[in-house]
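Peer 1: The following file, my_file.tsv, comprises TSV, C-alpha atoms:
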chain	number	residue	atom	x	y	z
A	1	MET	CA	98.65	290.92	63.81
A	2	ALA	CA	99.71	291.70	67.39
A	3	ARG	CA	101.66	289.87	70.08
A	4	SER	CA	101.56	290.22	73.85
A	5	VAL	CA	103.48	288.47	76.64
A	6	ALA	CA	102.53	288.40	80.33
A	7	THR	CA	103.47	286.10	83.20
A	8	GLY	CA	104.61	283.27	80.94
A	9	ILE	CA	101.51	283.48	78.74
A	10	GLU	CA	102.09	284.54	75.14
A	11	ARG	CA	99.25	285.51	72.84
A	12	THR	CA	99.52	286.08	69.12
A	13	TRP	CA	96.35	287.37	67.51
A	14	ARG	CA	94.96	289.03	64.44
A	15	ASP	CA	91.70	290.56	63.33
A	16	SER	CA	89.72	288.16	61.21
A	17	THR	CA	86.37	287.74	59.52
A	18	PRO	CA	83.69	285.14	60.27
A	19	GLU	CA	84.45	283.48	56.92
A	20	THR	CA	88.24	283.20	57.40
A	21	ILE	CA	88.55	282.23	61.09
A	22	GLU	CA	89.83	278.70	60.50
A	23	GLU	CA	92.18	279.89	57.76
A	24	ASP	CA	93.60	282.61	60.00
A	25	LEU	CA	94.09	280.18	62.89
A	26	ALA	CA	96.02	277.84	60.60
A	27	ALA	CA	98.20	280.76	59.52
A	28	LEU	CA	98.97	281.63	63.15
A	29	TRP	CA	100.01	278.03	63.86
A	30	ARG	CA	102.33	278.10	60.83
A	31	GLU	CA	103.90	281.34	62.01
A	32	GLY	CA	104.53	279.78	65.41
A	33	ALA	CA	106.19	276.76	63.79
A	34	ASP	CA	108.36	279.00	61.61
A	35	ALA	CA	109.63	280.75	64.76
A	36	GLY	CA	111.51	277.56	65.62
A	37	THR	CA	109.96	276.85	69.03
A	38	PRO	CA	107.95	273.62	69.11
A	39	ILE	CA	104.37	274.22	70.28
A	40	ALA	CA	102.00	271.36	71.02
A	41	ARG	CA	98.30	271.86	70.39
A	42	ALA	CA	96.33	271.22	73.56
A	43	VAL	CA	92.56	270.87	73.66
A	44	MET	CA	90.43	268.94	76.14
A	45	SER	CA	87.06	270.59	75.54
A	46	ASN	CA	85.18	273.42	73.88
A	47	LEU	CA	84.59	276.43	76.12
A	48	ILE	CA	81.97	278.87	74.83
A	49	VAL	CA	81.95	282.15	76.76
A	50	PHE	CA	78.88	284.34	76.35
A	51	ARG	CA	78.87	288.00	77.27
A	52	GLY	CA	77.03	291.13	76.28
A	53	LEU	CA	78.54	293.44	73.69
A	54	VAL	CA	81.55	295.21	75.25
A	55	ALA	CA	82.24	297.79	72.55
A	56	GLU	CA	81.34	298.56	68.98
A	57	GLY	CA	83.95	298.54	66.23
A	58	PRO	CA	86.64	296.12	65.03
A	59	ALA	CA	87.12	292.96	67.06
A	60	GLY	CA	89.98	293.29	69.56
A	61	LEU	CA	90.71	290.41	71.89
A	62	ASP	CA	91.79	292.67	74.74
A	63	ALA	CA	88.42	294.45	74.72
A	64	ALA	CA	86.37	291.34	74.04
A	65	THR	CA	87.93	289.26	76.82
A	66	GLY	CA	88.65	292.11	79.24
A	67	GLY	CA	87.81	291.44	82.87
A	68	LEU	CA	87.70	287.65	82.43
A	69	PRO	CA	90.70	285.43	83.31
A	70	LEU	CA	90.28	283.32	80.19
A	71	ASP	CA	93.98	282.71	79.54
A	72	GLU	CA	94.51	281.58	83.13
A	73	VAL	CA	91.52	279.22	82.97
A	74	CYS	CA	92.75	277.67	79.72
A	75	ALA	CA	96.23	277.27	81.18
A	76	ARG	CA	94.64	275.03	83.84
A	77	HIS	CA	92.29	273.25	81.44
A	78	PRO	CA	93.26	273.66	77.77
A	79	SER	CA	90.16	274.33	75.70
A	80	ARG	CA	89.16	275.67	72.34
A	81	LEU	CA	87.89	279.03	73.52
A	82	ILE	CA	85.00	280.62	71.66
A	83	VAL	CA	83.94	284.04	72.97
A	84	ILE	CA	80.57	285.28	71.75
A	85	GLU	CA	79.82	288.95	72.26
A	86	HIS	CA	76.18	289.30	71.44
A	87	LYS	CA	73.98	292.35	71.13
A	88	ARG	CA	70.52	291.19	72.09
A	89	GLY	CA	67.24	292.52	70.81
A	90	GLU	CA	67.81	292.09	67.08
A	91	GLU	CA	65.12	290.20	65.18
A	92	THR	CA	66.72	289.90	61.74
A	93	PRO	CA	68.79	286.79	60.97
A	94	SER	CA	72.32	287.79	60.00
A	95	ALA	CA	75.96	286.74	60.13
A	96	PRO	CA	78.48	287.95	62.76
A	97	PHE	CA	79.78	291.42	61.99
A	98	ALA	CA	83.34	291.10	63.35
A	99	ALA	CA	85.78	288.45	64.51
A	100	GLY	CA	89.29	287.89	65.82
A	101	VAL	CA	91.50	284.88	66.47
A	102	ALA	CA	94.50	284.08	68.64
A	103	ILE	CA	96.94	281.37	69.57
A	104	VAL	CA	97.78	281.48	73.27
A	105	THR	CA	100.82	279.52	74.49
A	106	PHE	CA	101.88	278.45	77.95
A	107	GLY	CA	104.65	276.52	79.65
A	108	PRO	CA	108.46	276.61	79.78
A	109	PRO	CA	110.51	277.18	76.58
A	110	HIS	CA	111.25	273.47	76.17
A	111	ALA	CA	107.60	272.38	76.60
A	112	ARG	CA	105.29	275.02	75.19
A	113	TYR	CA	101.65	274.18	74.47
A	114	GLY	CA	98.97	276.33	72.91
A	115	ILE	CA	95.23	276.74	72.55
A	116	GLU	CA	93.01	278.50	70.05
A	117	GLN	CA	90.86	281.52	70.84
A	118	ILE	CA	88.03	282.75	68.66
A	119	VAL	CA	86.13	285.97	69.29
A	120	VAL	CA	82.90	286.65	67.42
A	121	ARG	CA	80.76	289.76	67.73
A	122	SER	CA	77.16	289.41	66.65
A	123	ALA	CA	73.93	291.35	66.63
A	124	CYS	CA	71.57	288.86	65.07
A	125	ALA	CA	68.35	287.09	65.90
A	126	GLU	CA	68.69	284.18	68.31
A	127	ALA	CA	67.75	281.78	65.52
A	128	SER	CA	71.04	282.58	63.76
A	129	LEU	CA	73.25	281.75	66.75
A	130	PRO	CA	73.31	277.93	66.50
A	131	SER	CA	74.78	278.03	63.00
A	132	ILE	CA	77.35	280.62	64.13
A	133	VAL	CA	78.50	278.65	67.17
A	134	ARG	CA	78.40	275.14	65.67
A	135	ARG	CA	80.74	276.29	62.94
A	136	PHE	CA	83.58	276.62	65.45
A	137	VAL	CA	82.82	273.87	67.98
A	138	ARG	CA	84.86	270.67	67.80
A	139	GLY	CA	82.22	267.96	67.63
A	140	ASP	CA	84.46	265.27	69.14
A	141	LEU	CA	84.94	267.20	72.40
A	142	PRO	CA	82.61	268.02	75.33
A	143	THR	CA	81.26	271.57	75.33
A	144	THR	CA	80.86	273.90	78.29
A	145	VAL	CA	78.98	277.20	78.12
A	146	TRP	CA	80.18	279.86	80.55
A	147	TRP	CA	77.37	282.39	80.94
A	148	THR	CA	79.03	285.54	82.34
A	149	GLU	CA	75.92	287.72	82.40
A	150	ASP	CA	73.42	288.09	85.26
A	151	MET	CA	71.12	285.19	84.47
A	152	SER	CA	68.21	286.77	86.34
A	153	ASP	CA	68.36	289.67	83.88
A	154	THR	CA	69.83	287.98	80.79
A	155	PRO	CA	68.63	284.35	80.63
A	156	PRO	CA	70.77	281.87	78.68
A	157	LEU	CA	69.71	281.52	75.08
A	158	ASP	CA	68.30	278.21	73.90
A	159	ALA	CA	70.91	278.17	71.15
A	160	PHE	CA	73.65	277.68	73.73
A	161	ILE	CA	71.71	275.23	75.89
A	162	GLU	CA	71.22	273.00	72.85
A	163	ILE	CA	74.94	272.96	72.07
A	164	GLY	CA	76.41	272.69	75.57
A	165	ARG	CA	76.55	269.78	77.96
A	166	GLN	CA	77.50	271.92	80.97
A	167	LEU	CA	76.38	275.44	81.92
A	168	VAL	CA	78.78	277.38	84.17
A	169	TYR	CA	77.45	280.54	85.82
A	170	ASP	CA	77.73	282.53	89.04
A	171	SER	CA	74.49	283.18	90.93
A	172	ARG	CA	76.38	285.67	93.09
A	173	ALA	CA	75.74	288.19	90.29
A	174	TRP	CA	71.96	287.75	90.41
A	175	GLN	CA	70.01	290.88	91.19
A	176	ASP	CA	66.76	288.91	91.50
A	177	VAL	CA	67.11	285.46	93.07
A	178	ARG	CA	63.54	284.34	92.38
A	179	ARG	CA	63.84	285.25	88.73
A	180	GLY	CA	67.19	283.47	88.47
A	181	VAL	CA	65.71	280.31	89.97
A	182	ALA	CA	62.74	280.56	87.60
A	183	VAL	CA	65.14	280.72	84.65
A	184	LEU	CA	66.91	277.54	85.77
A	185	ALA	CA	63.79	275.60	86.77
A	186	PRO	CA	62.89	274.28	83.27
A	187	LEU	CA	66.52	273.31	82.65
A	188	VAL	CA	66.42	271.22	85.82
A	189	GLU	CA	62.98	269.76	85.21
A	190	GLU	CA	63.76	268.76	81.63
A	191	ARG	CA	67.38	267.77	82.40
A	192	ARG	CA	68.52	269.75	79.41
A	193	ILE	CA	72.02	270.59	80.67
A	194	ASP	CA	74.24	270.04	83.73
A	195	LEU	CA	74.43	273.13	85.93
A	196	ALA	CA	77.66	274.34	87.55
A	197	ASP	CA	77.12	277.35	89.84
A	198	LEU	CA	80.37	278.93	91.06
A	199	ASN	CA	78.46	280.40	94.01
A	200	TRP	CA	77.24	276.93	95.04
A	201	ARG	CA	80.88	275.89	95.44
A	202	ARG	CA	81.25	278.50	98.20
A	203	LEU	CA	78.54	276.68	100.16
A	204	THR	CA	80.54	273.43	100.32
A	205	PRO	CA	82.19	274.15	103.72
A	206	VAL	CA	78.77	274.87	105.27
A	207	ARG	CA	77.28	271.67	103.90
A	208	GLN	CA	80.23	269.66	105.16
A	209	ALA	CA	80.12	271.31	108.59
A	210	MET	CA	76.44	270.43	108.97
A	211	LYS	CA	77.11	266.72	108.53
A	212	PRO	CA	76.92	264.74	111.77
A	213	ALA	CA	80.24	263.51	113.09
A	214	SER	CA	81.00	259.82	112.67
A	215	GLY	CA	78.67	257.85	114.91
A	216	GLU	CA	76.78	260.96	116.00
A	217	GLY	CA	73.61	260.36	114.02
A	218	LEU	CA	70.46	262.46	114.36
A	219	ALA	CA	68.42	262.27	117.54
A	220	SER	CA	65.26	263.48	115.83
A	221	PRO	CA	63.86	263.05	112.32
A	222	PRO	CA	65.36	265.61	109.89
A	223	GLY	CA	61.89	266.63	108.76
A	224	ASP	CA	61.12	268.01	112.22
A	225	ALA	CA	63.84	270.64	111.88
A	226	THR	CA	63.45	274.37	111.28
A	227	ALA	CA	66.11	276.76	110.06
A	228	ARG	CA	67.08	280.42	109.96
A	229	ILE	CA	69.67	281.86	107.59
A	230	GLY	CA	71.29	285.26	107.94
A	231	TYR	CA	73.47	286.74	105.22
A	232	ARG	CA	75.72	289.71	104.61
A	233	ARG	CA	74.53	292.32	102.13
A	234	GLY	CA	75.14	291.13	98.57
A	235	GLU	CA	74.98	287.44	99.49
A	236	ALA	CA	71.25	286.79	99.06
A	237	ALA	CA	71.77	284.17	96.35
A	238	LEU	CA	74.15	282.18	98.56
A	239	ALA	CA	71.64	282.28	101.40
A	240	TRP	CA	68.81	281.02	99.21
A	241	LEU	CA	71.01	278.25	97.85
A	242	ALA	CA	71.55	277.19	101.45
A	243	ALA	CA	67.79	277.24	101.97
A	244	GLY	CA	67.25	275.09	98.89
A	245	TRP	CA	69.86	272.62	100.11
A	246	LEU	CA	68.19	272.34	103.54
A	247	LEU	CA	64.83	271.75	101.87
A	248	SER	CA	66.14	269.06	99.51
A	249	ASP	CA	68.88	267.21	101.39
A	250	ARG	CA	67.52	263.99	102.87
A	251	GLN	CA	69.75	264.10	105.92
A	252	HIS	CA	69.06	267.72	106.81
A	253	ALA	CA	65.64	268.36	105.29
A	254	VAL	CA	63.63	270.96	107.19
A	255	ARG	CA	59.84	270.92	107.37
A	256	ALA	CA	59.36	274.43	105.95
A	257	LEU	CA	61.19	277.03	103.93
A	258	PRO	CA	63.91	278.50	106.18
A	259	VAL	CA	63.65	282.11	107.29
A	260	VAL	CA	66.15	283.99	105.11
A	261	GLU	CA	67.08	287.55	106.01
A	262	GLU	CA	69.88	290.07	105.59
A	263	SER	CA	71.79	290.43	108.85
A	264	ALA	CA	74.46	292.71	110.26
A	265	LEU	CA	77.18	290.05	110.23
A	266	GLU	CA	80.43	291.72	111.26
A	267	ASP	CA	83.04	289.35	109.85
A	268	ALA	CA	80.94	286.63	108.30
A	269	THR	CA	79.27	285.92	104.97
A	270	LEU	CA	76.52	283.56	106.06
A	271	SER	CA	75.06	282.08	109.23
A	272	VAL	CA	72.88	278.95	109.14
A	273	THR	CA	71.04	277.79	112.27
A	274	VAL	CA	69.12	274.49	112.31
A	275	ARG	CA	66.90	273.67	115.29
A	276	ARG	CA	65.74	270.17	116.21
A	277	GLU	CA	64.33	268.58	119.32
A	278	SER	CA	67.80	267.21	119.95
A	279	GLY	CA	69.42	270.64	119.92
A	280	GLU	CA	70.58	273.53	117.79
A	281	THR	CA	73.45	273.74	115.32
A	282	THR	CA	74.84	277.01	113.94
A	283	VAL	CA	77.41	277.15	111.16
A	284	THR	CA	78.90	280.52	110.27
A	285	LEU	CA	80.81	280.97	107.04
A	286	LYS	CA	83.73	283.42	107.13
A	287	ASP	CA	86.32	284.34	104.53
A	288	ARG	CA	88.88	281.75	105.66
A	289	SER	CA	87.01	279.47	108.03
A	290	VAL	CA	83.70	278.09	109.23
A	291	ALA	CA	82.64	278.33	112.87
A	292	ILE	CA	80.58	275.39	114.13
A	293	MET	CA	78.48	275.53	117.31
A	294	LYS	CA	76.51	272.38	118.20
A	295	GLY	CA	74.39	272.59	121.31
A	296	SER	CA	76.52	273.15	124.39
A	297	SER	CA	79.71	271.86	122.74
A	298	PRO	CA	82.69	274.24	122.43
A	299	LEU	CA	82.95	276.41	119.34
A	300	VAL	CA	84.96	274.72	116.58
A	301	LEU	CA	86.81	276.68	113.88
A	302	VAL	CA	87.76	274.88	110.67
A	303	GLY	CA	89.94	276.48	108.00
A	304	ILE	CA	88.71	276.41	104.41
A	305	PRO	CA	90.69	276.57	101.16
A	306	ILE	CA	90.70	279.88	99.32
A	307	GLU	CA	89.42	279.46	95.77
A	308	ASN	CA	89.52	282.26	93.21
A	309	LEU	CA	87.56	282.53	89.97
A	310	VAL	CA	90.22	280.74	87.92
A	311	ASP	CA	90.37	277.85	90.39
A	312	ALA	CA	86.58	277.50	90.43
A	313	VAL	CA	86.00	277.56	86.68
A	314	ALA	CA	88.92	275.24	85.94
A	315	ALA	CA	87.68	272.79	88.58
A	316	GLU	CA	84.23	272.68	87.00
A	317	LEU	CA	85.72	272.12	83.56
A	318	ARG	CA	87.85	269.25	84.85
A	319	THR	CA	85.02	267.62	86.81
A	320	PHE	CA	82.34	267.94	84.14
A	321	ALA	CA	79.87	265.99	86.27
A	322	HIS	CA	76.19	266.18	87.13
A	323	ASP	CA	75.76	267.97	90.48
A	324	ALA	CA	72.67	266.30	91.89
A	325	GLY	CA	72.75	268.45	95.03
A	326	LEU	CA	72.62	271.73	93.10
A	327	HIS	CA	69.84	270.50	90.82
A	328	ALA	CA	67.82	269.33	93.84
A	329	ALA	CA	68.31	272.67	95.62
A	330	ILE	CA	67.08	274.62	92.57
A	331	ALA	CA	64.05	272.36	92.23
A	332	ALA	CA	63.24	272.72	95.94
A	333	LEU	CA	63.48	276.50	95.78
A	334	MET	CA	61.23	276.67	92.75
A	335	GLY	CA	58.66	274.52	94.52
A	336	ALA	CA	58.82	276.74	97.60
A	337	PHE	CA	58.62	279.99	95.63
A	338	VAL	CA	55.47	279.02	93.73
A	339	LYS	CA	53.53	278.03	96.85
Would it be possible to restate this file's structure as structure tokens?
Peer 2:
Amino acid sequence: MARSVATGIERTWRDSTPETIEEDLAALWREGADAGTPIARAVMSNLIVFRGLVAEGPAGLDAATGGLPLDEVCARHPSRLIVIEHKRGEETPSAPFAAGVAIVTFGPPHARYGIEQIVVRSACAEASLPSIVRRFVRGDLPTTVWWTEDMSDTPPLDAFIEIGRQLVYDSRAWQDVRRGVAVLAPLVEERRIDLADLNWRRLTPVRQAMKPASGEGLASPPGDATARIGYRRGEAALAWLAAGWLLSDRQHAVRALPVVEESALEDATLSVTVRRESGETTVTLKDRSVAIMKGSSPLVLVGIPIENLVDAVAAELRTFAHDAGLHAAIAALMGAFVK
């Protein structure tokens, strides 16, 4: 058993085995109660985190969860956290080969609350994963799957899609946008799971800035519009999401796939220009603001909230809603890519 304390977050963990995970968690709760400090169990959902195998050897929570702000996310939205480290490519059904458990507590001394963490390392056939994951999921709670891998290279496994109601991912990590969209297309078409793209959230200020002001309306039909999107290196997925939104949004729909190209943007992430008979609108996304230029009107700068990874994931877990705009954008992109 080991204990670590950082920034008000206290974690007590121990190595375990797949067969004794629940027993070991119960033992950790008893140890916490024996320490004399009341700890309330807090759980609002199941959060399954999938990642590739980090390291061989005994399960260690620091290695297994390294680089991911899981404690901080669960402090915002208490969840039963199940981390699956999976070595893909195996064809033989088998049980997990290592496991670890933890109780993580938060809050002031007089009002501590805690959540359970389970880490499982596996190298089995995909067919074995449902039985592994279902063993630890609380059936009376909603389940979110956080896919931390590059989905264009490592598509989500059906075993997790079947169990989860929400799929959280970040298309910013995609190396191949077309392949990433192709992976998501059947999930959208068959409505198998609600998508929550952290990268799509970054597009919100642009979408809001493109809306006509109250009473402004549109002087020409949206379908007559054309668009051009420039993006900073590394932001191709964001640019294509913007293109999918322009293709699918009824108010801003363009008549053809926007021109999307990498540009030498000095201090900006993305620039979206929409041209209609009534004029031209350009919205430029920067780190802390959006710049809006409509026709001959003066340039308008609007500040935007800064959202880090913890904020974004916790917000998606709290909302747990169907994002019709994202689903429509993915469907529009898939339709455009196959033409």
Peer 1: Extract, using all atoms listed in the file, all DNA, RNA and protein residues at most 12 Å from A:Arg135, discarding same-chain residues fewer than 3 positions from it, and format them as a list in words.
Peer 2: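 So, after excluding close chain neighbours, the residues are Pro18, Glu19, Thr20, Ile21, Glu22, Ile82, Ala95, Pro96, Ile118, Val120, Ser128, Leu129, Pro130, Ser131, Ile132, Arg138, Gly139 and Ile163 of chain A.
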Peer 1: Neighbours of A:Val73 within 8 Å (only C-alpha atoms; same-chain residues fewer than 5 positions away dropped), as a ChimeraX atom specification?
Peer 2: /A:78,310-311,313-314
Peer 1: Taking into account only C-alpha atoms, which residue in the set A:Pro109, A:Gly100, A:Gly8, A:Gly234 is nearest to A:Ala75?
Peer 2: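 Smallest separation from A:Ala75 among the options: A:Gly8.
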Peer 1: What's the separation between atom CA of A:Ser79 and atom CA of A:Asp170, in Å to one decimal place?
Peer 2: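 Atom CA of A:Ser79 sits 20.0 Å away from atom CA of A:Asp170.
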Peer 1: Find the residue from A:Gln251, A:Thr281, A:Pro108, A:Met44 that sits nearest to A:Thr143; use all atoms listed in the file when measuring.
Peer 2: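 Ranking A:Gln251, A:Thr281, A:Pro108, A:Met44 by distance to A:Thr143, first place goes to A:Met44.
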Peer 1: Any idea what the distance is between atom CA of A:Pro155 and atom CA of A:Val183?
Peer 2: 6.4 Å
Peer 1: I need the residue nearest A:Ala225 from this list: A:Arg202, A:Arg207, A:Arg178, A:Arg276. Use all atoms listed in the file for the distance.
Peer 2: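 Of the candidates, the smallest distance to A:Ala225 is held by A:Arg276.
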Peer 1: So how far away is atom CA of A:Leu167 from atom CA of A:Thr65, in Å?
Peer 2: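 So the two atoms, atom CA of A:Thr65 and atom CA of A:Leu167, lie 18.7 Å apart.
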Peer 1: Looking at A:Trp174, A:Tyr169, A:Tyr113, A:Phe320, which one is nearest to A:Val43, with distances taken over only C-alpha atoms?
Peer 2: A:Tyr113
Peer 1: Using all atoms listed in the file, determine which residues lie at most 7 Å from A:Asn199, disregarding the query and same-chain residues fewer than 6 positions distant; provide the list as a list in words.
Peer 2: Asp170, Ser171, Arg172 and Leu238 of chain A
Peer 1: Of the candidates A:Val188, A:Ile39, A:Cys74, A:Ile229, which shows the shortest atom-to-atom distance to A:Leu265, using all atoms listed in the file?
Peer 2: A:Ile229
Peer 1: Name all residues at most 8 Å from A:Val181 (count all atoms listed in the file; drop same-chain ones fewer than 6 positions away) and give them as number ranges by chain.
Peer 2: A: 152, 330, 333-334
Peer 1: With C-alpha atoms kept, could you save the residues just selected as a PDB file, keeping the file's coordinate frame?
Peer 2:
ATOM      1  CA  SER A 152      68.210 286.770  86.340  1.00  0.00           C
ATOM      2  CA  ILE A 330      67.080 274.620  92.570  1.00  0.00           C
ATOM      3  CA  LEU A 333      63.480 276.500  95.780  1.00  0.00           C
ATOM      4  CA  MET A 334      61.230 276.670  92.750  1.00  0.00           C
TER       5      MET A 334
END
Peer 1: Which residues are near A:Asp153? Cut-off 10 Å, only C-alpha atoms, ignore same chain within fewer than 5 positions. Put them as a list in words.
Peer 2: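 What passes the distance filter is Ala173, Trp174, Gln175, Asp176, Arg179, Gly180 and Val183 of chain A.
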Peer 1: Could you check which of A:Gly230, A:Gly303, A:Gly32, A:Pro38 is closest to A:Thr269, using only C-alpha atoms?
Peer 2: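 Between A:Gly230, A:Gly303, A:Gly32, A:Pro38, the residue approaching A:Thr269 most closely is A:Gly230.
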